[in-house]
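Notes follow the structure.
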Amino acid sequence: MDDKLIETGITRRDFLKNTSLAVGGAALMSMVPPGVRSGAWAAGSDAPEKKEVRIGFIPLTDCSSVVMAAVNEFDRKHGIKIIPSKEASWAAVRDKLVNGELDAAHVLYGLVYGVHLGIGGPKKDMAVLMNLNHNGQAITLSNQLKEKGAVDGPSLKKLIVTDKREYTFAQTFPTGTHAMWLYYWLAAHDINPMKDVKVITVPPPQMVANMRVGNMDGFCVGEPWNNRAIVDRIGFTGETTQDIWTDHPEKVLGTTADFVARNPNTARAMTASIIEAGRWIDASLANRRKTAETVASKSYVNTDMDVILERMLGRYSNGLGKTWDDRNYMKFYNEGAVNFPYLSDGMWFLTQHKRWGLLKGDPDYLAVAKSINRIDLYKQAATAAGAALPKGEMRSAKMIDGVVWDGKDPKKYAGGFKVHA
Amino acid sequence: MLSILVIDESRTRAAEICAGLALAGHQVAAVLSSALDLARQVEAIQPDVILIETDSPSRDTLEHLATLYRDLPRPVIIFAQEGDAASIRGAMKAGVAAYVVDGLEMARLKPVIEVAVARFEENQALRRELAAASKKLSERKLVERAKGLLMKARGLDEEAAYASLRKLAMDRGKPIGVMAREVVDIAGILL
């Protein structure tokens with residue numbers, strides 16, 4: 001009896017799902033040029049199925065390799081034309097990926113995983129083609145905190161305990177990378193992001209303005225907005241994300257599983273073009289300068305070039321008088337180490353989604369990462385671009401709290417944190 | 001009468017929309033022309049419906065509220081400057097309850113909001129149904145495991161194991177799924 005009820009439930013659910021898919025599918029199919037399938041078959045080649053691709057981006061320094069792939073025409077070499085498309089919010093990026101208005105996007109690693117699992121929004125099978133950059137995000141704290149003596153993690157913890165009020169911290173998207181860096185950093189200093197402070201989501205270009213009017217005590221965001229806060233004298237860098245996890249994954253080239261299934265050659269060509277662009281950016285200081293000049297313009301990030309360039313070159317000042325040359329500045333290629341879509345990188349975001357209650361149970365970590373991260377396609381693209389490949393599909397890192405993540409036992413790792421939701 | 005929050009950062013449409021809403025008999029709780037402090041405002045106002053532009057950066061803030069307050073989600077109605085078919089379809093599929101195109105006659109605002117709210121509620125009911133179905137599934141798994149443990153530990157056959165699990169549950173006034181979880185948990189310590 002019980003079983004029968006459940007069976008009926010599933011059937012009904014599948015029925016509903018299939019019906020809505022059929023409607024959406026029919027709409028999608030009407031947009032496919034006839035003969036795409038037969039064309040691919042007849043050519044029997046690597047020719048891109050789709051020659052012009054729209055790739056969405058959010059105005060941040062780490063959109064650089066996508067932009068430079070188009071500006072320097074690395075895309076032509078691989079038989080495609082990339083049209084970068086500036087987007088106003090991650091929600092819009094997601095919607096446009098899901099409905100096919102965008103073919104791919106510069107997008108937060110964790111967001112792609114969140115959409116694949118349907119966390120807090122639509123559910124759709126997704127794909128990560130490559131990682132776009134390592135490092136180059138930061139946690140900015142407000143000058144008001146500095147006046148109260150909070151200049152780093154330990155002193156912030158002390159202030160929160162002794163001077164009780166509501167402390168507000170901002171990140172950029174609930175499932176995204178900045179939320180996870182912020183939560184990880186707070187928790188590493190025994191501050192529970194779900195209980196001890198209030199967390200809000202604010203779009204990157206609005207972070208500085210929000211802090212200026214006193215809406216928040218700290219935020220985690222990508223450059224150039226942390227450096228902008230220092231230049232505008234409203235805050236300082238409390239921690240760089242490379243000091244939370246050196247060479248951490250960050251933005252990816254994300255798309256839907258459908259797009260990859262229909263356009264494998266185009267997906268490979270996009271990946272190869274952007275690998276080449278990243279290699280070009282990392283090749284010299286002059287190229288980095290040229291990149292900063294390009295992405296600073298109104299069509300892309302729309303801020304002063306100097307604000308972008310300093311940290312792109314690894315020249316950091318924290319706004320409290322300390323300056324240093326950071327070896328682990330934002331990298332786009334680093335001899336190919338940046339771009340490989342490691343399964344352990346993808347799984348890490350799932351472990352943190354679980355840790356903070358965004359996922360109610362443990363997913364099949366490895367299976368999810370294997371279905372999203374398209375390692376085979378990446379390997380072909382890297383070969384086409386002449387980029388080196390690592391030996392394994394996992395990597396190991398020691399985080400700011402001394403805990404090592406190597407991808408071997410994700411369930412145990414996710415459940416092993418003292419501070420959690 | 002619904003309480004409606006309008007977010008109009010470009011300040012181009014707010015007056016027109018407010019007039020339309022008032023005509024339709026709704027209350028405009030607030031018009032925000034800037035995203036500053038949006039999270040706090042939504043919490044304070046507790047609107048029934050939120051109206052926002054497609055290209056508003058503040059949509060990410062609303063996403064966060066949706067994950068935070070899963071029990072209290074609100075229908076979001078998006079309006080756009082241009083209404084090409086693809087982006088409308090996209091917004092619909094993305095779970096946005098309704099999509100209003102620029103140039104809409106204000107007389108039509110009332111039915112649009114009504115339809116949006118109705119569809120949103122349907123969608124929420126479906127989600128609840130889904131959650132209940134998957135809970136039931138995991139409950140069944142737990143019962144199976146508890147039964148297996150009882151069979152092994154006490155040498156019972158399947159029917160007797162189920163009967164003793166049911167008796168345990170009834171004696172303690174607990175649902176069988178909860179009892180099964182306890183048996184599995186305790187077995188984990190003892191065995």
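Each chain of the structure tokens is named A, B, ... in the order shown, its residues numbered from 1; ligands are numbered from 1 in display order.
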
For the helix (DSSP H, G or I) assignment from backbone DSSP, which residues of segment 149-304 of chain A qualify? Please present them as a PyMOL selection string.
chain A and resi 153-162+177-188+204-212+225-231+241-243+257-262+264-283+285-295

Residues near segment 102-111 of chain A, cut-off 8 Å, only C-alpha atoms, skip fewer than 6 positions along chain, as a tab-separated table (two decimals) with N, CA and C atoms, in the first residue's frame:
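Everything below was put into result-v7.tsv:
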chain	number	residue	atom	x	y	z
A	53	VAL	N	29.34	32.60	-30.62
A	53	VAL	CA	28.85	32.28	-29.27
A	53	VAL	C	28.80	33.53	-28.39
A	54	ARG	N	27.71	33.65	-27.66
A	54	ARG	CA	27.57	34.74	-26.69
A	54	ARG	C	28.01	34.23	-25.33
A	55	ILE	N	29.03	34.87	-24.76
A	55	ILE	CA	29.51	34.46	-23.44
A	55	ILE	C	29.26	35.60	-22.46
A	56	GLY	N	28.46	35.33	-21.45
A	56	GLY	CA	28.12	36.35	-20.45
A	56	GLY	C	29.26	36.57	-19.47
A	57	PHE	N	29.35	37.80	-18.96
A	57	PHE	CA	30.33	38.07	-17.92
A	57	PHE	C	29.79	39.15	-16.99
A	58	ILE	N	30.34	39.16	-15.77
A	58	ILE	CA	30.01	40.19	-14.78
A	58	ILE	C	31.25	41.08	-14.67
A	63	CYS	N	37.09	38.45	-15.41
A	63	CYS	CA	36.47	38.16	-16.71
A	63	CYS	C	37.49	38.33	-17.84
A	66	VAL	N	38.13	35.79	-20.87
A	66	VAL	CA	37.02	35.71	-21.81
A	66	VAL	C	37.06	36.93	-22.75
A	90	TRP	N	24.12	37.83	-11.22
A	90	TRP	CA	24.36	36.39	-11.41
A	90	TRP	C	23.04	35.69	-11.70
A	93	VAL	N	22.55	35.94	-15.31
A	93	VAL	CA	23.46	35.02	-16.00
A	93	VAL	C	22.87	33.61	-15.99
A	96	LYS	N	19.76	33.26	-18.24
A	96	LYS	CA	20.09	33.28	-19.66
A	96	LYS	C	20.85	32.04	-20.11
A	132	LEU	N	38.54	29.42	-14.84
A	132	LEU	CA	39.06	30.62	-15.51
A	132	LEU	C	40.22	31.27	-14.77
A	173	PHE	N	26.52	35.90	-4.04
A	173	PHE	CA	25.45	35.00	-4.47
A	173	PHE	C	25.39	33.85	-3.47
A	175	THR	N	25.00	30.65	-3.36
A	175	THR	CA	25.76	29.41	-3.54
A	175	THR	C	27.16	29.66	-4.09
A	176	GLY	N	27.51	30.94	-4.28
A	176	GLY	CA	28.72	31.30	-5.02
A	176	GLY	C	30.02	31.15	-4.25
A	177	THR	N	31.10	31.52	-4.92
A	177	THR	CA	32.42	31.36	-4.32
A	177	THR	C	32.63	32.34	-3.16
A	249	PRO	N	40.12	27.59	-6.78
A	249	PRO	CA	39.30	27.74	-7.99
A	249	PRO	C	38.37	28.94	-7.80
A	250	GLU	N	37.87	29.53	-8.89
A	250	GLU	CA	37.05	30.73	-8.70
A	250	GLU	C	35.94	30.81	-9.75
A	251	LYS	N	36.17	31.54	-10.84
A	251	LYS	CA	35.16	31.58	-11.89
A	251	LYS	C	35.45	30.43	-12.85
A	252	VAL	N	34.39	29.94	-13.45
A	252	VAL	CA	34.54	28.90	-14.45
A	252	VAL	C	33.91	29.36	-15.76
A	253	LEU	N	34.24	28.64	-16.83
A	253	LEU	CA	33.48	28.80	-18.05
A	253	LEU	C	32.34	27.79	-17.92
A	254	GLY	N	31.15	28.29	-17.67
A	254	GLY	CA	30.01	27.41	-17.40
A	254	GLY	C	29.01	27.44	-18.54
A	255	THR	N	28.34	26.32	-18.74
A	255	THR	CA	27.27	26.26	-19.72
A	255	THR	C	26.31	25.15	-19.28
A	256	THR	N	25.33	24.82	-20.12
A	256	THR	CA	24.42	23.75	-19.75
A	256	THR	C	24.88	22.43	-20.38
A	259	PHE	N	23.84	22.28	-23.98
A	259	PHE	CA	24.67	22.97	-24.96
A	259	PHE	C	25.85	22.10	-25.37
A	346	GLY	N	35.45	20.95	-7.76
A	346	GLY	CA	33.99	20.97	-7.86
A	346	GLY	C	33.34	20.40	-6.61
A	349	PHE	N	32.90	22.65	-3.37
A	349	PHE	CA	31.74	23.54	-3.23
A	349	PHE	C	30.53	22.77	-2.70
A	350	LEU	N	30.38	21.51	-3.13
A	350	LEU	CA	29.29	20.69	-2.61
A	350	LEU	C	29.45	20.47	-1.10

Tell me, as a PyMOL selection string, which residues lie within 12 Å of Ala161 of chain B, counting only C-alpha atoms; anything in the same chain fewer than 6 positions away does not count.
chain B and resi 143-155+167-168+180+183

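Nearest residue to chain B, choosing from A:Gly120, A:Gly214, A:Pro363, A:Pro410 and counting only C-alpha atoms: A:Gly120.
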
Spatial neighbours of Leu309 of chain A, max dist 12 Å, only C-alpha atoms, sep filter under 2 positions, as a PyMOL selection string
chain A and resi 61-62+64+136+223-224+227-228+285-296+303-307+311-316+329-330

Leaving out segment 274-283 of chain A and any residue of its chain fewer than 6 positions from it, which residues lie within 9 Å of it when counting only C-alpha atoms, given as a ChimeraX atom specification?
/A:64-70,72-75,130,132-133,253,289-291,331-336,339,381-382,385-387

Up to 9 Å from chain B, what residues of chain A turn up? Count only C-alpha atoms and give them as a count of residues only.
43

Could you give me, as number ranges by chain, the residues within 12 Å of segment 148-160 of chain A, counting only C-alpha atoms and dropping anything in the same chain fewer than 5 positions from it?
A: 139-143, 165-168, 182-193, 195-198, 217-218, 235-240, 244, 318-321, 400-401

Can you tell me, as a PyMOL selection string, which residues in segment 212-330 of chain A count as strand (DSSP E) by DSSP?
chain A and resi 218-222+235-240+251-256+315-317+323-325

Taking only C-alpha atoms into account, which of A:Leu145, A:Ala47, A:Ala388, A:Met207 comes nearest Ile80 of chain A?
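Looking only at the distances to Ile80 of chain A, the closest residue turns out to be A:Ala47.
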
Provide the atom CA of Gly177 of chain B to atom CA of His353 of chain A distance in Å, to one decimal place.
26.1 Å

Straight-line distance linking atom CA of Val28 of chain B with atom CA of Ser3 of chain B, stated in Å to one decimal
5.9 Å
